[in-house]
file query.tsv (TSV, C-alpha atoms)
chain	number	residue	atom	x	y	z
A	15	MET	CA	18.81	24.87	-54.89
A	16	ALA	CA	16.78	25.94	-51.87
A	17	VAL	CA	18.28	25.86	-48.39
A	18	MET	CA	16.14	25.01	-45.38
A	19	GLY	CA	17.35	25.16	-41.80
A	20	ILE	CA	15.95	23.14	-38.92
A	21	LEU	CA	16.72	24.48	-35.45
A	22	ALA	CA	15.71	21.67	-33.18
A	23	CYS	CA	15.35	20.18	-29.76
A	24	LYS	CA	17.34	16.95	-29.60
A	25	MET	CA	14.22	15.18	-28.34
A	26	LEU	CA	12.71	15.50	-31.83
A	27	GLN	CA	15.60	14.03	-33.79
A	28	ASP	CA	13.68	10.86	-34.77
A	29	GLU	CA	11.04	12.99	-36.46
A	30	ILE	CA	13.74	14.78	-38.45
A	31	VAL	CA	15.28	11.46	-39.53
A	32	TYR	CA	11.80	10.40	-40.69
A	33	LEU	CA	11.33	13.56	-42.78
A	34	ILE	CA	14.74	13.20	-44.41
A	35	GLN	CA	14.13	9.55	-45.16
A	36	ASN	CA	10.81	10.31	-46.81
A	37	ASP	CA	11.57	13.43	-48.86
A	38	SER	CA	13.38	12.72	-52.12
A	39	ASP	CA	13.80	16.48	-52.67
A	40	ILE	CA	16.50	16.56	-49.99
A	41	SER	CA	19.77	16.06	-51.83
A	42	ASP	CA	22.21	17.45	-49.26
A	43	VAL	CA	22.10	17.08	-45.47
A	44	VAL	CA	24.37	19.34	-43.44
A	45	ILE	CA	24.84	18.72	-39.70
A	46	VAL	CA	26.15	21.24	-37.19
A	47	GLU	CA	28.75	19.44	-35.06
A	48	ASN	CA	28.15	20.76	-31.57
A	49	GLY	CA	28.20	17.66	-29.37
A	50	GLU	CA	24.45	17.09	-29.75
A	51	HIS	CA	24.69	15.47	-33.17
A	52	GLU	CA	26.35	12.05	-32.73
A	53	GLU	CA	23.24	9.97	-32.07
A	54	PHE	CA	21.39	11.70	-34.90
A	55	VAL	CA	24.21	10.99	-37.35
A	56	GLN	CA	24.29	7.32	-36.29
A	57	LYS	CA	20.59	7.01	-37.11
A	58	LEU	CA	21.11	8.62	-40.50
A	59	ASP	CA	23.96	6.19	-41.16
A	60	GLU	CA	21.73	3.24	-40.29
A	61	MET	CA	19.18	4.50	-42.82
A	62	GLY	CA	21.87	4.86	-45.47
A	63	ILE	CA	21.59	8.66	-45.51
A	64	ARG	CA	24.83	10.49	-46.16
A	65	CYS	CA	25.56	13.88	-44.62
A	66	ARG	CA	28.34	16.41	-44.28
A	67	PHE	CA	29.42	18.45	-41.29
A	68	ILE	CA	30.14	22.02	-40.27
A	69	SER	CA	31.41	23.20	-36.90
A	70	SER	CA	29.21	26.31	-36.92
A	71	VAL	CA	26.56	27.93	-39.12
A	72	THR	CA	28.99	30.81	-39.54
A	73	ASP	CA	30.98	28.44	-41.77
A	74	LEU	CA	28.19	28.72	-44.35
A	75	PRO	CA	27.92	31.60	-46.83
A	76	ASP	CA	25.12	34.13	-46.54
A	77	LEU	CA	22.47	33.69	-49.24
A	78	ASN	CA	21.69	36.51	-51.62
A	79	ARG	CA	18.06	36.11	-52.64
A	80	ASN	CA	17.28	39.78	-53.29
A	81	ASP	CA	16.63	39.03	-56.94
A	82	GLY	CA	13.40	37.24	-56.05
A	83	ILE	CA	14.74	33.96	-57.36
A	84	CYS	CA	12.32	31.14	-58.11
A	85	PHE	CA	13.62	27.64	-57.54
A	86	ALA	CA	13.26	25.69	-60.78
A	87	ASP	CA	15.30	22.94	-59.15
A	88	PRO	CA	13.24	21.36	-56.33
A	89	SER	CA	16.35	20.00	-54.61
A	90	ILE	CA	16.90	21.05	-51.01
A	91	THR	CA	19.95	21.46	-48.87
A	92	LEU	CA	18.81	20.76	-45.31
A	93	ILE	CA	20.87	22.15	-42.43
A	94	VAL	CA	20.10	20.51	-39.08
A	95	TRP	CA	21.19	22.28	-35.89
A	96	GLN	CA	20.23	20.62	-32.60
A	97	LEU	CA	20.54	22.80	-29.52
A	98	ASP	CA	21.57	21.59	-26.07
A	99	LEU	CA	19.13	19.10	-24.58
A	100	GLY	CA	19.43	20.68	-21.14
A	101	LEU	CA	17.77	23.91	-22.30
A	102	HIS	CA	14.36	22.29	-21.76
A	103	GLU	CA	14.89	22.57	-18.01
A	104	MET	CA	15.07	26.37	-18.10
A	105	PRO	CA	12.49	27.82	-20.53
A	106	LYS	CA	13.72	31.41	-20.23
A	107	LEU	CA	17.23	30.28	-21.11
A	108	LEU	CA	15.83	28.26	-24.02
A	109	LYS	CA	14.10	31.36	-25.40
A	110	LYS	CA	17.24	33.43	-24.99
A	111	ARG	CA	19.27	30.85	-26.88
A	112	VAL	CA	16.76	30.40	-29.72
A	113	TYR	CA	16.41	34.16	-30.14
A	114	ALA	CA	20.20	34.51	-30.17
A	115	GLU	CA	20.79	31.76	-32.73
A	116	LEU	CA	18.02	32.59	-35.23
A	117	PRO	CA	19.73	35.80	-36.45
A	118	ARG	CA	22.86	33.74	-37.14
A	119	PHE	CA	20.90	31.02	-38.95
A	120	ILE	CA	18.49	33.10	-41.03
A	121	PRO	CA	21.06	34.63	-43.44
A	122	LYS	CA	22.20	31.12	-44.39
A	123	THR	CA	18.75	29.76	-45.32
A	124	ASP	CA	15.61	30.32	-47.36
A	125	ALA	CA	13.41	29.19	-44.45
A	126	VAL	CA	13.89	28.04	-40.87
A	127	LEU	CA	11.65	25.40	-39.30
A	128	LEU	CA	11.77	25.45	-35.52
A	129	PHE	CA	11.40	21.95	-34.11
A	130	TYR	CA	10.06	23.29	-30.83
A	131	GLY	CA	6.68	23.86	-29.23
A	132	LEU	CA	5.62	26.42	-26.67
A	133	CYS	CA	8.09	24.90	-24.19
A	134	GLY	CA	6.80	26.72	-21.12
A	135	ASN	CA	5.09	29.33	-23.34
A	136	VAL	CA	8.38	31.10	-24.07
A	137	LEU	CA	8.29	30.61	-27.85
A	138	ALA	CA	4.66	31.66	-28.44
A	139	ASP	CA	5.65	34.86	-30.29
A	140	VAL	CA	8.72	33.70	-32.18
A	141	GLU	CA	7.10	33.82	-35.64
A	142	ARG	CA	5.81	37.33	-35.02
A	143	ASP	CA	9.10	38.52	-33.56
A	144	PHE	CA	10.98	37.36	-36.66
A	145	LYS	CA	8.31	38.13	-39.28
A	146	ASP	CA	10.35	40.93	-40.87
A	147	GLU	CA	13.41	38.80	-41.49
A	148	ARG	CA	14.54	37.87	-45.00
A	149	CYS	CA	13.22	34.32	-44.74
A	150	PRO	CA	10.20	32.78	-43.00
A	151	VAL	CA	10.54	31.29	-39.52
A	152	VAL	CA	8.00	28.52	-38.84
A	153	ILE	CA	7.25	26.82	-35.51
A	154	LEU	CA	5.42	23.52	-35.06
A	155	ARG	CA	1.63	23.93	-35.15
A	156	ASP	CA	-1.23	21.44	-35.19
A	157	SER	CA	-4.03	21.22	-37.76
A	158	ASP	CA	-5.96	23.91	-35.87
A	159	GLY	CA	-3.04	26.31	-36.24
A	160	VAL	CA	-2.17	26.08	-32.54
A	161	ILE	CA	1.49	25.84	-31.52
A	162	ILE	CA	2.11	22.42	-29.98
A	163	ASP	CA	2.83	22.35	-26.27
A	164	ASP	CA	5.86	20.07	-26.41
A	165	CYS	CA	7.26	16.94	-28.09
A	166	ILE	CA	4.49	14.77	-26.61
A	167	GLY	CA	1.80	17.06	-28.01
A	168	GLY	CA	3.50	16.96	-31.39
A	169	ALA	CA	3.56	13.17	-31.49
A	170	LEU	CA	-0.11	12.99	-30.48
A	171	GLY	CA	-1.24	15.49	-33.13
A	172	GLY	CA	-1.76	18.70	-31.19
A	173	ARG	CA	-3.39	20.27	-28.19
A	174	ALA	CA	-6.89	18.79	-28.56
A	175	GLU	CA	-5.55	15.25	-28.95
A	176	TYR	CA	-3.13	15.77	-26.07
A	177	ALA	CA	-5.99	16.84	-23.81
A	178	LYS	CA	-8.04	13.77	-24.77
A	179	VAL	CA	-5.16	11.45	-23.89
A	180	LEU	CA	-4.59	13.12	-20.53
A	181	LYS	CA	-8.29	12.81	-19.71
A	182	SER	CA	-8.20	9.12	-20.62
A	183	PHE	CA	-5.95	8.48	-17.63
A	184	LYS	CA	-8.90	9.41	-15.39
A	185	GLY	CA	-6.87	11.43	-12.92
A	186	VAL	CA	-3.98	8.97	-12.61
A	187	GLY	CA	-0.75	10.95	-12.89
A	188	THR	CA	1.04	9.67	-15.98
A	189	PHE	CA	4.49	10.54	-17.30
A	190	ILE	CA	4.31	10.10	-21.10
A	191	LEU	CA	7.51	9.04	-22.84
A	192	THR	CA	8.39	9.08	-26.54
A	193	PRO	CA	11.24	6.86	-27.75
A	194	MET	CA	13.78	9.71	-27.57
A	195	TYR	CA	12.43	10.76	-24.18
A	196	SER	CA	13.07	7.22	-22.93
A	197	THR	CA	16.73	7.41	-23.91
A	198	TYR	CA	17.53	10.22	-21.50
A	199	VAL	CA	14.93	10.20	-18.76
A	200	ALA	CA	16.50	7.30	-16.87
A	201	THR	CA	20.01	8.79	-17.04
A	202	ASP	CA	20.95	12.41	-17.73
A	203	PHE	CA	17.64	14.09	-18.60
A	204	PHE	CA	17.91	16.22	-15.47
A	205	GLY	CA	21.65	16.65	-15.79
A	206	PHE	CA	21.59	20.33	-16.74
A	207	GLY	CA	19.69	21.27	-13.59
A	208	GLN	CA	21.90	19.04	-11.50
A	209	GLN	CA	25.03	20.67	-12.85
A	210	ALA	CA	23.62	24.15	-12.27
A	211	SER	CA	22.52	23.36	-8.72
A	212	GLY	CA	25.54	21.30	-7.71
A	213	PHE	CA	23.34	18.49	-6.40
A	214	THR	CA	24.79	15.03	-5.94
A	215	ASP	CA	23.18	12.09	-7.75
A	216	GLU	CA	21.41	11.09	-4.55
A	217	GLN	CA	20.12	14.60	-3.92
A	218	MET	CA	18.85	14.87	-7.50
A	219	TYR	CA	17.14	11.50	-7.21
A	220	GLU	CA	15.42	12.48	-3.96
A	221	MET	CA	14.27	15.80	-5.42
A	222	ASN	CA	12.84	14.16	-8.53
A	223	LYS	CA	11.21	11.42	-6.48
A	224	TYR	CA	9.56	14.04	-4.28
A	225	MET	CA	8.42	15.98	-7.36
A	226	PHE	CA	6.83	12.90	-8.92
A	227	GLU	CA	5.11	11.93	-5.69
A	228	ALA	CA	3.87	15.45	-5.00
A	229	SER	CA	2.52	15.69	-8.55
A	230	GLY	CA	0.68	12.40	-8.15
A	231	TYR	CA	2.56	10.43	-10.80
A	232	LYS	CA	1.68	6.74	-10.66
A	233	GLN	CA	2.62	5.44	-14.08
A	234	ALA	CA	4.89	5.90	-17.09
A	235	ALA	CA	3.30	5.61	-20.53
A	236	ASN	CA	5.27	4.22	-23.45
A	237	LEU	CA	3.96	6.26	-26.40
A	238	GLU	CA	4.11	4.42	-29.72
A	239	THR	CA	4.98	7.08	-32.31
A	240	GLY	CA	5.45	4.75	-35.26
A	241	LEU	CA	9.16	5.60	-35.37
A	242	HIS	CA	11.67	2.95	-34.36
A	243	TYR	CA	15.05	4.59	-34.88
A	244	THR	CA	15.75	4.70	-31.14
A	245	LYS	CA	16.88	1.46	-29.54
A	246	ASN	CA	16.10	-0.12	-26.14
A	247	VAL	CA	12.97	1.97	-25.61
A	248	GLU	CA	11.09	-0.54	-23.45
A	249	GLU	CA	14.16	-1.32	-21.35
A	250	ASN	CA	14.84	2.39	-20.74
A	251	ILE	CA	11.25	3.12	-19.78
A	252	GLN	CA	11.19	0.17	-17.41
A	253	ALA	CA	14.43	1.35	-15.80
A	254	PHE	CA	12.93	4.83	-15.29
A	255	ALA	CA	9.70	3.38	-13.90
A	256	ASP	CA	11.56	1.09	-11.52
A	257	LYS	CA	13.71	3.96	-10.31
A	258	TYR	CA	10.71	6.08	-9.37
A	259	HIS	CA	8.28	3.27	-8.48
A	260	LEU	CA	5.91	3.80	-11.41
A	261	ASN	CA	3.82	1.32	-13.35
A	262	VAL	CA	4.43	1.06	-17.09
A	263	VAL	CA	1.46	1.32	-19.46
A	264	GLN	CA	1.37	1.19	-23.26
A	265	LEU	CA	-0.07	4.15	-25.16
A	266	GLY	CA	-0.95	4.16	-28.85
A	267	GLY	CA	-2.02	6.96	-31.15
A	268	GLY	CA	1.30	8.61	-31.94
A	269	HIS	CA	1.92	9.76	-35.53
A	270	GLN	CA	3.88	12.22	-37.67
A	271	LYS	CA	1.13	14.45	-39.06
A	272	VAL	CA	2.18	17.62	-37.23
A	273	PHE	CA	5.78	17.28	-38.39
A	274	GLU	CA	4.86	16.34	-41.95
A	275	ASP	CA	2.39	19.21	-42.28
A	276	CYS	CA	4.72	21.84	-40.83
A	277	TYR	CA	7.61	20.64	-42.97
A	278	ARG	CA	5.39	20.79	-46.08
A	279	LYS	CA	4.18	24.30	-45.19
A	280	THR	CA	7.75	25.46	-44.65
A	281	LYS	CA	8.69	24.15	-48.11
A	282	GLU	CA	5.72	25.98	-49.60
A	283	LYS	CA	6.72	29.25	-47.94
A	284	MET	CA	10.30	28.77	-49.09
A	285	TYR	CA	9.38	28.13	-52.73
A	286	ALA	CA	6.82	30.97	-52.74
A	287	LYS	CA	9.48	33.61	-52.09
call {"tool": "encode", "arguments": {"input": "query.tsv", "output": "structure tokens"}}
result
Amino acid sequence: MAVMGILACKMLQDEIVYLIQNDSDISDVVIVENGEHEEFVQKLDEMGIRCRFISSVTDLPDLNRNDGICFADPSITLIVWQLDLGLHEMPKLLKKRVYAELPRFIPKTDAVLLFYGLCGNVLADVERDFKDERCPVVILRDSDGVIIDDCIGGALGGRAEYAKVLKSFKGVGTFILTPMYSTYVATDFFGFGQQASGFTDEQMYEMNKYMFEASGYKQAANLETGLHYTKNVEENIQAFADKYHLNVVQLGGGHQKVFEDCYRKTKEKMYAK
């Protein structure tokens, strides 16, 4: 049985649920219990997907694949490890964490799929930097082979599509929200920075309000991704928009092609070993 690891941003958990739900090859789902997993597990439960838990990837045995084994059995054990949501606020810290965790994860898997994009351009070289490891490391890329910018770019299909959508707003500053984005943006999305800075809730609100105004944001776009695992999306987006005096607009065109293609390519690399 092949073992694939997914090292992921929590903002992309719906896309992982979708892949698990739609791949019959996955026979075993293993979740790293690190405080970022509860919502993900609840969604799996609602889909009738069973999983098991580990407290750390170090609880798993190292794989010995030096015999050049070919997987006659197509079944996959999928290990899902979601890193802290707050890392998105500090790209350099995100890179440091990803680069620290990959060497711990790689010995346990036959391939690692990174559910991240460039994220401030800090992960642009991750595949190259880990190319000599015992298993392939794959980051999310669009159909042109370009690493996606972020979770919004992934849901829209890549950089070219992302640029088209931004141009369609005709200069009106627009904050695009996926379903998962909507869950946290009205509450604790900026919590990591607030904790690090020691700002009060009022100070954090005023800083964010100033940032949105200075950046020319006028509206919040509710991006339809085709995934409906996350609840209360419209209510959460409206609460965020009301808080920062933005208009809500609906945005179509979201899909799963980037995630499906990268997952498929990771499987191919894993089986080709």
call {"tool": "residues_around", "arguments": {"input": "query.tsv", "residues": "A:Asp39", "least_positions_apart": "5", "cutoff": "12 Å", "atoms": "only C-alpha atoms", "output": "ChimeraX atom specification"}}
result
/A:15-18,33-34,87-92,278,281
call {"tool": "closest_atom_pairs", "arguments": {"input": "query.tsv", "of": "stretch 131-196 of chain A", "to": "stretch 236-248 of chain A", "cutoff": "7 Å", "atoms": "all atoms listed in the file", "output": "JSON lines"}}
result
{"residue": "A:Ala169", "atom": "CA", "partner": "A:Thr239", "partner_atom": "CA", "distance": 6.3}
{"residue": "A:Ile190", "atom": "CA", "partner": "A:Asn236", "partner_atom": "CA", "distance": 6.4}
{"residue": "A:Leu191", "atom": "CA", "partner": "A:Asn236", "partner_atom": "CA", "distance": 5.3}
{"residue": "A:Thr192", "atom": "CA", "partner": "A:Leu237", "partner_atom": "CA", "distance": 5.3}
{"residue": "A:Pro193", "atom": "CA", "partner": "A:Val247", "partner_atom": "CA", "distance": 5.6}
{"residue": "A:Met194", "atom": "CA", "partner": "A:Thr244", "partner_atom": "CA", "distance": 6.5}
{"residue": "A:Ser196", "atom": "CA", "partner": "A:Val247", "partner_atom": "CA", "distance": 5.9}
call {"tool": "closest_residue", "arguments": {"input": "query.tsv", "among": "A:Ile68, A:Ala138, A:Leu127, A:Leu132", "to": "A:Gly167", "atoms": "only C-alpha atoms"}}
result
A:Leu132
call {"tool": "atom_distance", "arguments": {"input": "query.tsv", "atom1": "atom CA of A:Gly62", "atom2": "atom CA of A:Ile45"}}
result
15.3 Å
call {"tool": "residues_around", "arguments": {"input": "query.tsv", "residues": "A:Val160", "least_positions_apart": "2", "cutoff": "10 Å", "atoms": "only C-alpha atoms", "output": "PyMOL selection string"}}
result
chain A and resi 131-132+138+153-158+162-163+172-174
call {"tool": "closest_residue", "arguments": {"input": "query.tsv", "among": "A:Ile120, A:Val140, A:Cys149, A:Val186", "to": "A:Ile161", "atoms": "only C-alpha atoms"}}
result
A:Val140
call {"tool": "atom_distance", "arguments": {"input": "query.tsv", "atom1": "atom CA of A:Val262", "atom2": "atom CA of A:Ala234"}}
result
4.9 Å
call {"tool": "residues_near_point", "arguments": {"input": "query.tsv", "point": "(3.8, 0.4, -13.8)", "cutoff": "9 Å", "atoms": "all atoms listed in the file", "output": "PyMOL selection string"}}
result
chain A and resi 232-235+252+255-256+259-263
call {"tool": "closest_residue", "arguments": {"input": "query.tsv", "among": "A:Glu274, A:Glu249, A:Glu216, A:Asp164", "to": "A:Tyr32", "atoms": "all atoms listed in the file"}}
result
A:Glu274
call {"tool": "residues_around", "arguments": {"input": "query.tsv", "residues": "A:Asp73", "least_positions_apart": "3", "cutoff": "10 Å", "atoms": "all atoms listed in the file", "output": "ChimeraX atom specification"}}
result
/A:46,68-70,76,122
call {"tool": "write_last_selection", "arguments": {"input": "query.tsv", "atoms": "C-alpha atoms", "output": "mmCIF file, in the coordinates of the input"}}
result
data_model
loop_
_atom_site.group_PDB
_atom_site.id
_atom_site.type_symbol
_atom_site.label_atom_id
_atom_site.label_comp_id
_atom_site.auth_asym_id
_atom_site.auth_seq_id
_atom_site.Cartn_x
_atom_site.Cartn_y
_atom_site.Cartn_z
ATOM 1 C CA VAL A 46 26.150 21.240 -37.190
ATOM 2 C CA ILE A 68 30.140 22.020 -40.270
ATOM 3 C CA SER A 69 31.410 23.200 -36.900
ATOM 4 C CA SER A 70 29.210 26.310 -36.920
ATOM 5 C CA ASP A 76 25.120 34.130 -46.540
ATOM 6 C CA LYS A 122 22.200 31.120 -44.390
#
call {"tool": "closest_residue", "arguments": {"input": "query.tsv", "among": "A:Asp42, A:Glu282, A:Glu103, A:Asp28", "to": "A:Phe129", "atoms": "all atoms listed in the file"}}
result
A:Asp28
call {"tool": "atom_distance", "arguments": {"input": "query.tsv", "atom1": "atom CA of A:Glu53", "atom2": "atom CA of A:Leu21"}}
result
16.3 Å
